[in-house]
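What follows is the content of start-v7.pdb (PDB, C-alpha atoms and all ligand atoms).
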ATOM      1  CA  MET A 155     130.823 -12.213  33.774
ATOM      2  CA  VAL A 156     127.935 -12.732  36.188
ATOM      3  CA  GLU A 157     128.763 -14.210  39.527
ATOM      4  CA  TYR A 158     126.287 -16.199  41.620
ATOM      5  CA  VAL A 159     126.868 -16.131  45.381
ATOM      6  CA  ASP A 160     125.334 -17.767  48.467
ATOM      7  CA  ALA A 161     122.937 -15.107  49.818
ATOM      8  CA  ALA A 162     123.805 -16.144  53.405
ATOM      9  CA  LYS A 163     127.465 -15.222  52.838
ATOM     10  CA  ALA A 164     126.895 -12.040  50.805
ATOM     11  CA  PRO A 165     126.954  -8.578  52.398
ATOM     12  CA  LEU A 166     123.583  -6.853  52.878
ATOM     13  CA  LYS A 167     124.026  -4.557  49.897
ATOM     14  CA  ASN A 168     123.920  -4.588  46.118
ATOM     15  CA  THR A 169     127.328  -5.967  45.169
ATOM     16  CA  GLY A 170     126.368  -6.612  41.563
ATOM     17  CA  GLN A 171     126.485 -10.337  42.238
ATOM     18  CA  ILE A 172     123.411 -12.564  41.907
ATOM     19  CA  LYS A 173     122.374 -13.961  45.277
ATOM     20  CA  ILE A 174     121.227 -17.577  45.524
ATOM     21  CA  TYR A 175     118.780 -18.066  48.396
ATOM     22  CA  SER A 176     117.951 -21.095  50.571
ATOM     23  CA  GLN A 177     114.556 -22.753  51.082
ATOM     24  CA  GLU A 178     114.386 -21.031  54.476
ATOM     25  CA  ASP A 179     114.886 -17.684  52.721
ATOM     26  CA  PHE A 180     112.058 -18.601  50.317
ATOM     27  CA  GLU A 181     109.770 -19.104  53.336
ATOM     28  CA  GLY A 182     110.779 -15.666  54.658
ATOM     29  CA  MET A 183     109.911 -14.124  51.284
ATOM     30  CA  ARG A 184     106.612 -16.013  51.211
ATOM     31  CA  LYS A 185     105.568 -14.673  54.617
ATOM     32  CA  ALA A 186     106.239 -11.034  53.684
ATOM     33  CA  SER A 187     104.744 -11.483  50.215
ATOM     34  CA  GLN A 188     101.560 -13.089  51.501
ATOM     35  CA  MET A 189     100.987 -10.066  53.727
ATOM     36  CA  THR A 190     101.377  -7.836  50.668
ATOM     37  CA  ALA A 191      99.043 -10.025  48.581
ATOM     38  CA  GLY A 192      96.510 -10.104  51.434
ATOM     39  CA  CYS A 193      96.536  -6.305  51.498
ATOM     40  CA  LEU A 194      96.049  -6.127  47.712
ATOM     41  CA  ASP A 195      93.060  -8.511  48.122
ATOM     42  CA  ALA A 196      91.624  -6.444  50.981
ATOM     43  CA  LEU A 197      91.859  -3.256  48.895
ATOM     44  CA  VAL A 198      89.393  -4.554  46.260
ATOM     45  CA  PRO A 199      86.172  -3.408  48.002
ATOM     46  CA  LEU A 200      87.788  -0.070  48.938
ATOM     47  CA  VAL A 201      88.656   1.080  45.413
ATOM     48  CA  ASN A 202      85.544   3.036  44.416
ATOM     49  CA  PRO A 203      84.656   6.419  42.937
ATOM     50  CA  GLY A 204      85.211   9.232  45.467
ATOM     51  CA  VAL A 205      87.923   7.450  47.462
ATOM     52  CA  THR A 206      91.171   9.430  47.704
ATOM     53  CA  THR A 207      94.551   7.868  47.031
ATOM     54  CA  GLN A 208      95.597   9.040  50.528
ATOM     55  CA  GLU A 209      92.794   6.897  51.996
ATOM     56  CA  ILE A 210      94.268   3.927  50.111
ATOM     57  CA  ASP A 211      97.699   4.771  51.529
ATOM     58  CA  ASN A 212      96.278   4.948  55.071
ATOM     59  CA  PHE A 213      94.696   1.527  54.595
ATOM     60  CA  VAL A 214      98.012   0.052  53.439
ATOM     61  CA  PHE A 215      99.865   1.565  56.410
ATOM     62  CA  ASN A 216      97.294   0.314  58.942
ATOM     63  CA  PHE A 217      96.989  -3.150  57.391
ATOM     64  CA  GLY A 218     100.742  -3.578  57.828
ATOM     65  CA  LYS A 219     100.780  -2.054  61.304
ATOM     66  CA  GLU A 220      98.155  -4.541  62.537
ATOM     67  CA  ARG A 221     100.204  -7.473  61.175
ATOM     68  CA  GLY A 222     103.805  -6.465  61.810
ATOM     69  CA  GLY A 223     104.657  -5.368  58.261
ATOM     70  CA  VAL A 224     106.481  -2.108  57.531
ATOM     71  CA  PRO A 225     105.888  -0.447  54.127
ATOM     72  CA  ALA A 226     109.262  -0.441  52.368
ATOM     73  CA  THR A 227     108.483   2.752  50.448
ATOM     74  CA  LEU A 228     108.129   4.829  53.672
ATOM     75  CA  ASN A 229     111.185   7.125  53.700
ATOM     76  CA  TYR A 230     112.726   5.211  50.795
ATOM     77  CA  ARG A 231     114.972   7.659  48.873
ATOM     78  CA  GLY A 232     112.827  10.552  50.074
ATOM     79  CA  TYR A 233     109.464   8.909  49.283
ATOM     80  CA  THR A 234     107.041   9.473  52.167
ATOM     81  CA  LYS A 235     104.057   7.190  51.451
ATOM     82  CA  SER A 236     103.194   3.542  52.181
ATOM     83  CA  CYS A 237     102.362   2.588  48.593
ATOM     84  CA  CYS A 238     102.237   3.929  45.041
ATOM     85  CA  THR A 239      98.895   4.748  43.389
ATOM     86  CA  SER A 240      99.213   5.212  39.639
ATOM     87  CA  ILE A 241      96.047   6.342  37.866
ATOM     88  CA  ASN A 242      95.302   6.152  34.098
ATOM     89  CA  ARG A 243      98.255   7.727  32.242
ATOM     90  CA  VAL A 244     100.521   7.403  35.285
ATOM     91  CA  ILE A 245     102.859   4.474  34.585
ATOM     92  CA  CYS A 246     104.264   4.039  38.100
ATOM     93  CA  HIS A 247     105.306   5.836  41.331
ATOM     94  CA  GLY A 248     102.096   7.878  41.591
ATOM     95  CA  ILE A 249     102.128   9.545  45.035
ATOM     96  CA  PRO A 250      99.039   9.127  47.240
ATOM     97  CA  ASP A 251      97.394  12.517  47.762
ATOM     98  CA  PRO A 252      94.441  13.602  49.947
ATOM     99  CA  LYS A 253      93.262  15.843  47.072
ATOM    100  CA  LYS A 254      93.243  13.037  44.481
ATOM    101  CA  LYS A 255      89.835  11.336  44.284
ATOM    102  CA  LEU A 256      89.255   8.244  42.123
ATOM    103  CA  LYS A 257      86.479   8.650  39.566
ATOM    104  CA  GLU A 258      84.233   6.287  37.592
ATOM    105  CA  GLY A 259      86.128   4.663  34.707
ATOM    106  CA  ASP A 260      89.628   5.210  36.143
ATOM    107  CA  ILE A 261      92.172   2.414  36.276
ATOM    108  CA  VAL A 262      94.608   2.492  39.179
ATOM    109  CA  ASN A 263      97.684   0.435  39.967
ATOM    110  CA  ILE A 264      98.366  -0.048  43.671
ATOM    111  CA  ASP A 265     101.934  -1.142  44.445
ATOM    112  CA  VAL A 266     102.681  -2.390  47.965
ATOM    113  CA  THR A 267     105.868  -3.732  49.570
ATOM    114  CA  TYR A 268     105.841  -4.933  53.179
ATOM    115  CA  ILE A 269     109.018  -5.743  55.063
ATOM    116  CA  VAL A 270     108.519  -8.694  57.434
ATOM    117  CA  ASP A 271     111.524 -10.105  59.347
ATOM    118  CA  GLY A 272     113.742  -8.170  56.924
ATOM    119  CA  TRP A 273     112.198  -9.734  53.779
ATOM    120  CA  HIS A 274     110.517  -7.532  51.134
ATOM    121  CA  GLY A 275     107.257  -8.722  49.516
ATOM    122  CA  ASP A 276     106.726  -6.489  46.450
ATOM    123  CA  SER A 277     103.564  -6.727  44.336
ATOM    124  CA  SER A 278     101.116  -4.581  42.427
ATOM    125  CA  ARG A 279      97.799  -5.009  40.654
ATOM    126  CA  MET A 280      95.337  -2.993  38.593
ATOM    127  CA  TYR A 281      91.991  -1.971  40.073
ATOM    128  CA  PRO A 282      89.010  -0.822  38.003
ATOM    129  CA  VAL A 283      87.072   2.133  39.430
ATOM    130  CA  GLY A 284      83.436   1.404  38.611
ATOM    131  CA  LYS A 285      82.695   0.480  35.017
ATOM    132  CA  LEU A 286      85.563   0.666  32.506
ATOM    133  CA  LYS A 287      85.670   1.545  28.820
ATOM    134  CA  PRO A 288      86.611  -1.475  26.659
ATOM    135  CA  ALA A 289      90.088  -0.058  25.855
ATOM    136  CA  ALA A 290      90.965   0.230  29.548
ATOM    137  CA  GLN A 291      89.632  -3.251  30.252
ATOM    138  CA  ARG A 292      91.642  -4.671  27.368
ATOM    139  CA  LEU A 293      94.858  -2.949  28.506
ATOM    140  CA  ILE A 294      94.496  -4.524  31.954
ATOM    141  CA  GLU A 295      93.941  -7.967  30.433
ATOM    142  CA  VAL A 296      96.918  -7.646  28.056
ATOM    143  CA  THR A 297      99.191  -6.490  30.887
ATOM    144  CA  HIS A 298      98.136  -9.320  33.186
ATOM    145  CA  GLU A 299      98.551 -11.894  30.435
ATOM    146  CA  SER A 300     102.045 -10.532  29.699
ATOM    147  CA  LEU A 301     103.011 -11.196  33.323
ATOM    148  CA  MET A 302     101.530 -14.714  33.131
ATOM    149  CA  ARG A 303     103.656 -15.430  30.039
ATOM    150  CA  ALA A 304     106.718 -14.024  31.798
ATOM    151  CA  LEU A 305     106.113 -16.335  34.772
ATOM    152  CA  ALA A 306     105.912 -19.321  32.414
ATOM    153  CA  ALA A 307     109.356 -18.337  31.064
ATOM    154  CA  ALA A 308     110.822 -17.948  34.573
ATOM    155  CA  LYS A 309     112.559 -21.318  34.965
ATOM    156  CA  PRO A 310     116.076 -22.743  35.117
ATOM    157  CA  GLY A 311     117.725 -23.109  31.720
ATOM    158  CA  ASN A 312     116.054 -19.919  30.506
ATOM    159  CA  THR A 313     117.581 -16.453  30.771
ATOM    160  CA  THR A 314     116.346 -13.026  31.880
ATOM    161  CA  GLY A 315     116.098 -12.222  28.150
ATOM    162  CA  ASP A 316     113.587 -15.051  27.683
ATOM    163  CA  ILE A 317     111.362 -13.361  30.273
ATOM    164  CA  GLY A 318     111.616  -9.973  28.549
ATOM    165  CA  HIS A 319     111.050 -11.539  25.160
ATOM    166  CA  ALA A 320     107.876 -13.333  26.305
ATOM    167  CA  ILE A 321     106.438 -10.022  27.513
ATOM    168  CA  GLN A 322     107.460  -7.902  24.535
ATOM    169  CA  GLU A 323     106.389 -10.356  21.854
ATOM    170  CA  TYR A 324     102.902 -10.733  23.328
ATOM    171  CA  VAL A 325     102.350  -7.042  24.218
ATOM    172  CA  GLU A 326     103.400  -5.819  20.764
ATOM    173  CA  SER A 327     101.246  -8.485  19.054
ATOM    174  CA  GLU A 328      98.346  -6.817  20.901
ATOM    175  CA  ARG A 329      99.394  -3.410  19.480
ATOM    176  CA  CYS A 330     100.431  -2.112  22.891
ATOM    177  CA  SER A 331     103.936  -1.035  23.999
ATOM    178  CA  VAL A 332     106.354  -2.021  26.770
ATOM    179  CA  VAL A 333     107.861   0.733  28.950
ATOM    180  CA  ARG A 334     111.695   0.542  28.871
ATOM    181  CA  ASP A 335     112.586   3.032  31.590
ATOM    182  CA  PHE A 336     111.720   0.793  34.567
ATOM    183  CA  CYS A 337     112.466  -2.866  35.174
ATOM    184  CA  GLY A 338     111.938  -5.755  37.566
ATOM    185  CA  HIS A 339     114.664  -6.316  40.135
ATOM    186  CA  GLY A 340     116.283  -8.686  42.554
ATOM    187  CA  VAL A 341     114.477  -8.509  45.897
ATOM    188  CA  GLY A 342     115.018 -10.081  49.314
ATOM    189  CA  LYS A 343     116.588  -8.403  52.339
ATOM    190  CA  LEU A 344     117.153  -5.507  49.923
ATOM    191  CA  PHE A 345     114.237  -3.731  48.186
ATOM    192  CA  HIS A 346     116.104  -3.305  44.898
ATOM    193  CA  ASP A 347     118.996  -5.628  44.089
ATOM    194  CA  MET A 348     120.558  -7.314  41.080
ATOM    195  CA  PRO A 349     119.573  -8.686  38.610
ATOM    196  CA  ASN A 350     117.629  -6.166  36.528
ATOM    197  CA  ILE A 351     114.695  -7.875  34.832
ATOM    198  CA  LEU A 352     114.002  -6.064  31.565
ATOM    199  CA  HIS A 353     110.462  -6.429  30.223
ATOM    200  CA  TYR A 354     111.682  -6.606  26.627
ATOM    201  CA  GLY A 355     114.559  -8.371  24.895
ATOM    202  CA  GLN A 356     115.910 -11.254  22.907
ATOM    203  CA  LYS A 357     115.585 -14.962  23.594
ATOM    204  CA  GLY A 358     118.738 -16.243  25.328
ATOM    205  CA  ALA A 359     119.988 -12.726  26.202
ATOM    206  CA  GLY A 360     120.881 -11.594  29.712
ATOM    207  CA  ILE A 361     121.853 -13.977  32.479
ATOM    208  CA  LYS A 362     120.969 -17.607  33.149
ATOM    209  CA  LEU A 363     118.173 -18.265  35.636
ATOM    210  CA  MET A 364     119.276 -20.506  38.503
ATOM    211  CA  PRO A 365     117.278 -22.182  41.288
ATOM    212  CA  GLY A 366     117.412 -19.947  44.371
ATOM    213  CA  MET A 367     117.280 -16.611  42.542
ATOM    214  CA  ILE A 368     114.615 -14.181  43.812
ATOM    215  CA  PHE A 369     113.336 -11.207  41.807
ATOM    216  CA  THR A 370     110.268  -9.282  40.683
ATOM    217  CA  ILE A 371     108.654  -9.159  37.265
ATOM    218  CA  GLU A 372     106.560  -6.004  36.824
ATOM    219  CA  PRO A 373     105.737  -5.143  33.216
ATOM    220  CA  MET A 374     104.367  -1.662  32.494
ATOM    221  CA  VAL A 375     102.298  -1.620  29.306
ATOM    222  CA  ASN A 376     100.941   1.404  27.416
ATOM    223  CA  LEU A 377      98.058   1.652  24.954
ATOM    224  CA  GLY A 378     100.108   4.181  22.970
ATOM    225  CA  LEU A 379     103.842   4.874  22.739
ATOM    226  CA  PRO A 380     106.319   3.631  25.387
ATOM    227  CA  ASP A 381     107.860   7.045  26.137
ATOM    228  CA  VAL A 382     107.959   8.282  29.726
ATOM    229  CA  ARG A 383     107.860  11.711  31.360
ATOM    230  CA  VAL A 384     108.686  12.176  35.065
ATOM    231  CA  LEU A 385     106.802  15.037  36.742
ATOM    232  CA  LYS A 386     108.460  17.810  38.783
ATOM    233  CA  ASP A 387     107.662  15.953  42.013
ATOM    234  CA  GLY A 388     110.576  13.702  41.000
ATOM    235  CA  TRP A 389     108.494  10.497  41.183
ATOM    236  CA  THR A 390     105.300  10.416  39.107
ATOM    237  CA  ALA A 391     106.060   8.747  35.763
ATOM    238  CA  GLU A 392     103.487   9.338  33.009
ATOM    239  CA  THR A 393     103.082   8.345  29.384
ATOM    240  CA  ARG A 394     104.375  11.198  27.198
ATOM    241  CA  ASP A 395     101.464  10.784  24.797
ATOM    242  CA  LYS A 396      98.987  10.678  27.734
ATOM    243  CA  THR A 397      97.612   7.245  26.755
ATOM    244  CA  LEU A 398      96.624   4.749  29.448
ATOM    245  CA  SER A 399      99.242   2.602  31.193
ATOM    246  CA  ALA A 400      98.877  -0.557  33.296
ATOM    247  CA  GLN A 401     101.147  -2.756  35.421
ATOM    248  CA  PHE A 402     101.109  -6.001  37.410
ATOM    249  CA  GLU A 403     103.952  -7.174  39.637
ATOM    250  CA  HIS A 404     104.861 -10.417  41.401
ATOM    251  CA  SER A 405     107.831 -11.348  43.606
ATOM    252  CA  ILE A 406     109.052 -14.828  42.674
ATOM    253  CA  GLY A 407     111.766 -17.376  43.414
ATOM    254  CA  ILE A 408     113.285 -19.710  40.814
ATOM    255  CA  THR A 409     112.859 -23.397  41.770
ATOM    256  CA  SER A 410     114.318 -26.543  40.181
ATOM    257  CA  THR A 411     111.369 -26.758  37.769
ATOM    258  CA  GLY A 412     109.909 -23.249  37.399
ATOM    259  CA  CYS A 413     109.048 -20.498  39.844
ATOM    260  CA  ASP A 414     107.440 -20.020  43.206
ATOM    261  CA  ILE A 415     105.051 -17.029  43.126
ATOM    262  CA  PHE A 416     105.429 -15.555  46.598
ATOM    263  CA  THR A 417     102.836 -12.793  46.065
ATOM    264  CA  LYS A 418     100.064 -15.046  44.736
ATOM    265  CA  SER A 419      96.635 -13.838  45.909
ATOM    266  CA  PRO A 420      95.389 -15.779  48.977
ATOM    267  CA  ALA A 421      91.794 -15.041  47.864
ATOM    268  CA  GLY A 422      92.398 -16.428  44.368
ATOM    269  CA  LEU A 423      92.162 -13.048  42.603
ATOM    270  CA  PHE A 424      94.172 -12.677  39.399
ATOM    271  CA  ASN A 425      95.799 -16.015  40.109
ATOM    272  CA  PRO A 426      98.371 -17.352  37.694
ATOM    273  CA  MET A 427      97.854 -20.771  36.072
ATOM    274  CA  GLU A 428      94.160 -20.702  36.934
ATOM    275  CA  PRO A 429      91.091 -19.715  34.926
ATOM    276  CA  GLU A 430      90.942 -15.949  34.544
ATOM    277  CA  THR A 431      88.731 -14.350  37.154
ATOM    278  CA  GLY A 432      88.426 -11.181  35.073
ATOM    279  CA  ALA A 433      89.834  -7.738  35.700
ATOM    280  CA  ALA A 434      87.077  -6.773  38.114
ATOM    281  CA  ALA A 435      87.724  -9.733  40.428
TER     282      ALA A 435
HETATM  283  N1  LIG A 501     107.365  -0.917  44.564
HETATM  284  C1  LIG A 501     108.096  -0.285  43.498
HETATM  285  C2  LIG A 501     108.748  -1.405  42.734
HETATM  286  O1  LIG A 501     108.033  -2.251  42.254
HETATM  287  C3  LIG A 501     109.106   0.689  43.984
HETATM  288  C4  LIG A 501     108.500   1.898  44.569
HETATM  289  S1  LIG A 501     109.737   2.899  45.187
HETATM  290  C5  LIG A 501     108.910   4.290  45.619
HETATM  291  O2  LIG A 501     109.931  -1.570  42.634
HETATM  292  F1  LIG A 501     109.741   4.968  46.301
HETATM  293  F2  LIG A 501     108.475   4.893  44.544
HETATM  294  F3  LIG A 501     107.861   3.971  46.340
HETATM  295 CO    CO A 502     109.310  -3.950  42.309
HETATM  296 CO    CO A 503     106.407  -2.764  43.480
END
As structure tokens, what does this structure read like?
Ligand code: MF3
Ligand code: CO
Ligand code: CO
Amino acid sequence: MVEYVDAAKAPLKNTGQIKIYSQEDFEGMRKASQMTAGCLDALVPLVNPGVTTQEIDNFVFNFGKERGGVPATLNYRGYTKSCCTSINRVICHGIPDPKKKLKEGDIVNIDVTYIVDGWHGDSSRMYPVGKLKPAAQRLIEVTHESLMRALAAAKPGNTTGDIGHAIQEYVESERCSVVRDFCGHGVGKLFHDMPNILHYGQKGAGIKLMPGMIFTIEPMVNLGLPDVRVLKDGWTAETRDKTLSAQFEHSIGITSTGCDIFTKSPAGLFNPMEPETGAAA
């Protein structure tokens, strides 16, 4: 049985219960998340051939430092960087590296989480490096659209399974695959909390969505098979068949009618419910 509890009365740890947050908590999440989204916007002109992933990491660290945001990944379970930079066949948790230069035609996911006043704003987007091949462009568009469909399913009365189903049904209709080994997660004063948000599943499965819930949706989509391999560094997750992988992530809160997208781009890039600006925006 799932149990929903008042976040204000719950201990600051993952108790397995689903925390229900107040409007004031939503504003805390929005503040942290808008810093994250502002950083993802500001990274657009920086992501070019020849730039190293360490330079991206430095930018993320400094952007937060100037605004009072601490990167949640810094010293998180032994991770020592301010963001994740996942290039081409890397699905997620790519580690920024001074030796790793971006090159023309690459696609890179940059995943940033700032902590502001204790709240975690977690979001990621895909960035094209120069001009892309059509397959890479299409993968980015399919992955973004899968997140848009998931957001449309994120409303009271639906379940976590409805979210996963919306993603899986669309992604597979586009002859791509959904990664199963990583999921979205409750977020708030904790980086990773309950509930798990699977990016695949059956309609009506999982738990009921209630106003006040806060979590991420972060589908990882592959051009080939969904299978994952984690490198010896203990973090970098790649596609086993070495095909391209893409991901977008938003932090959201369930409202009485739908969801509040805390990490929506302030500059209007990749914005949900608005005309597509295109992958290069
Ligand atoms: N930001 C990632 C997420 O979406 C988590 C990264 S944890 C790290 O949940 F340690 F790999 F950075
Ligand atoms: Co996340
Ligand atoms: Co993230």
Enumerate, as a ChimeraX atom specification, the residues matched when the PyMOL selection byres (((not hetatm)) within 7 of (chain A and resi 503)) is run on the file above. /A:265-267,276-278,403
Output for the residues just chosen: C-alpha atoms as a PDB file, in the coordinates of the input:
ATOM      1  CA  ASP A 265     101.934  -1.142  44.445  1.00  0.00           C
ATOM      2  CA  VAL A 266     102.681  -2.390  47.965  1.00  0.00           C
ATOM      3  CA  THR A 267     105.868  -3.732  49.570  1.00  0.00           C
ATOM      4  CA  ASP A 276     106.726  -6.489  46.450  1.00  0.00           C
ATOM      5  CA  SER A 277     103.564  -6.727  44.336  1.00  0.00           C
ATOM      6  CA  SER A 278     101.116  -4.581  42.427  1.00  0.00           C
ATOM      7  CA  GLU A 403     103.952  -7.174  39.637  1.00  0.00           C
TER       8      GLU A 403
END
Care to translate the PyMOL selection byres (((chain A and resi 343) around 9) and not hetatm) into actual residues of this file, as number ranges by chain? A: 166-167, 183, 269, 271-274, 341-342, 344-345
Neighbourhood query: residues within 8 Å of (123.1, -12.1, 48.5), file coordinates, counting all atoms listed in the file; return as a PyMOL selection string. chain A and resi 159-168+171-175
Per-residue nearest contacts chain A to ligand LIG 501 (chain A), cut-off 10 Å, using all atoms listed in the file, as a tab-separated table:
residue	atom	partner	partner_atom	distance
A:Pro225	CA	A:LIG501	F3	9.2
A:Ala226	CA	A:LIG501	F3	7.6
A:Thr227	CA	A:LIG501	F3	4.3
A:Leu228	CA	A:LIG501	F3	7.4
A:Asn229	CA	A:LIG501	F1	7.8
A:Tyr230	CA	A:LIG501	F1	5.4
A:Arg231	CA	A:LIG501	F1	6.4
A:Gly232	CA	A:LIG501	F1	7.4
A:Tyr233	CA	A:LIG501	F1	4.9
A:Thr234	CA	A:LIG501	F1	7.9
A:Lys235	CA	A:LIG501	F3	7.1
A:Ser236	CA	A:LIG501	F3	7.5
A:Cys237	CA	A:LIG501	F3	6.1
A:Cys238	CA	A:LIG501	F3	5.8
A:Thr239	CA	A:LIG501	F3	9.5
A:Cys246	CA	A:LIG501	F2	7.7
A:His247	CA	A:LIG501	F2	4.6
A:Gly248	CA	A:LIG501	F2	7.6
A:Ile249	CA	A:LIG501	F2	7.9
A:Ile264	CA	A:LIG501	N1	9.1
A:Asp265	CA	A:LIG501	N1	5.4
A:Val266	CA	A:LIG501	N1	6.0
A:Thr267	CA	A:LIG501	N1	5.9
A:Tyr268	CA	A:LIG501	N1	9.6
A:His274	CA	A:LIG501	N1	9.8
A:Gly275	CA	A:LIG501	N1	9.2
A:Asp276	CA	A:LIG501	N1	5.9
A:Ser277	CA	A:LIG501	O1	6.7
A:Ser278	CA	A:LIG501	O1	7.3
A:Phe336	CA	A:LIG501	O2	8.6
A:Cys337	CA	A:LIG501	O2	8.0
A:Gly338	CA	A:LIG501	O2	6.9
A:His339	CA	A:LIG501	O2	7.2
A:Gly340	CA	A:LIG501	O2	9.5
A:Val341	CA	A:LIG501	O2	8.9
A:Phe345	CA	A:LIG501	O2	7.4
A:His346	CA	A:LIG501	O2	6.8
A:Thr370	CA	A:LIG501	O1	7.5
A:Ile371	CA	A:LIG501	O1	8.5
A:Glu372	CA	A:LIG501	O1	6.8
A:Pro373	CA	A:LIG501	O1	9.8
A:Gly388	CA	A:LIG501	F2	9.7
A:Trp389	CA	A:LIG501	F2	6.5
A:Thr390	CA	A:LIG501	F2	8.4
A:Ala391	CA	A:LIG501	F2	9.9
A:Gln401	CA	A:LIG501	O1	9.7
A:Phe402	CA	A:LIG501	O1	9.2
A:Glu403	CA	A:LIG501	O1	6.9
A:His404	CA	A:LIG501	O1	8.8
A:Ser405	CA	A:LIG501	O1	9.2
Shell of 8 Å around Arg383 (chain A), only C-alpha atoms, local chain residues under 4 positions omitted, as a PDB file with C-alpha atoms, keeping the file's coordinate frame:
ATOM      1  CA  ALA A 391     106.060   8.747  35.763  1.00  0.00           C
ATOM      2  CA  GLU A 392     103.487   9.338  33.009  1.00  0.00           C
ATOM      3  CA  THR A 393     103.082   8.345  29.384  1.00  0.00           C
ATOM      4  CA  ARG A 394     104.375  11.198  27.198  1.00  0.00           C
TER       5      ARG A 394
END
Name all residues at most 10 Å from region 299-314 of chain A (count all atoms listed in the file; drop same-chain ones fewer than 4 positions away) and give them as number ranges by chain. A: 293-295, 318-325, 332, 349-367, 371-375, 401-404, 406-415, 424-427, 430
note - CA of Pro203 (chain A) and CA of Gly284 (chain A) are separated by 6.7 Å
Residue with the minimum atom-to-atom distance to ligand CO 502 (chain A), picked from A:Asp387, A:Ala290, A:Asn376, A:Asp347 with only C-alpha atoms and all ligand atoms counted, is A:Asp347
Atom completion result for region 161-166 of chain A (all heavy atoms) as an mmCIF file, keeping the file's coordinate frame:
data_model
loop_
_atom_site.group_PDB
_atom_site.id
_atom_site.type_symbol
_atom_site.label_atom_id
_atom_site.label_comp_id
_atom_site.auth_asym_id
_atom_site.auth_seq_id
_atom_site.Cartn_x
_atom_site.Cartn_y
_atom_site.Cartn_z
ATOM 1 N N ALA A 161 123.504 -16.315 49.201
ATOM 2 C CA ALA A 161 122.937 -15.107 49.818
ATOM 3 C C ALA A 161 123.337 -14.997 51.289
ATOM 4 O O ALA A 161 123.515 -13.899 51.806
ATOM 5 C CB ALA A 161 121.424 -15.110 49.664
ATOM 6 N N ALA A 162 123.485 -16.149 51.973
ATOM 7 C CA ALA A 162 123.805 -16.144 53.405
ATOM 8 C C ALA A 162 125.210 -15.598 53.660
ATOM 9 O O ALA A 162 125.501 -15.097 54.746
ATOM 10 C CB ALA A 162 123.685 -17.553 53.975
ATOM 11 N N LYS A 163 126.071 -15.667 52.655
ATOM 12 C CA LYS A 163 127.465 -15.222 52.838
ATOM 13 C C LYS A 163 127.716 -13.846 52.216
ATOM 14 O O LYS A 163 128.794 -13.286 52.365
ATOM 15 C CB LYS A 163 128.421 -16.251 52.222
ATOM 16 C CG LYS A 163 128.293 -17.627 52.876
ATOM 17 C CD LYS A 163 129.472 -18.535 52.520
ATOM 18 C CE LYS A 163 129.337 -19.910 53.149
ATOM 19 N NZ LYS A 163 128.753 -20.917 52.218
ATOM 20 N N ALA A 164 126.711 -13.323 51.499
ATOM 21 C CA ALA A 164 126.895 -12.040 50.805
ATOM 22 C C ALA A 164 126.584 -10.880 51.742
ATOM 23 O O ALA A 164 125.729 -11.004 52.613
ATOM 24 C CB ALA A 164 125.985 -11.982 49.584
ATOM 25 N N PRO A 165 127.279 -9.757 51.578
ATOM 26 C CA PRO A 165 126.954 -8.578 52.398
ATOM 27 C C PRO A 165 125.550 -8.064 52.071
ATOM 28 O O PRO A 165 125.046 -8.310 50.979
ATOM 29 C CB PRO A 165 128.023 -7.555 52.013
ATOM 30 C CG PRO A 165 128.625 -8.026 50.735
ATOM 31 C CD PRO A 165 128.388 -9.504 50.647
ATOM 32 N N LEU A 166 124.944 -7.362 53.043
ATOM 33 C CA LEU A 166 123.583 -6.853 52.878
ATOM 34 C C LEU A 166 123.598 -5.571 52.044
ATOM 35 O O LEU A 166 123.280 -4.502 52.509
ATOM 36 C CB LEU A 166 122.948 -6.619 54.259
ATOM 37 C CG LEU A 166 121.462 -6.267 54.299
ATOM 38 C CD1 LEU A 166 120.621 -7.307 53.579
ATOM 39 C CD2 LEU A 166 120.995 -6.077 55.721
#
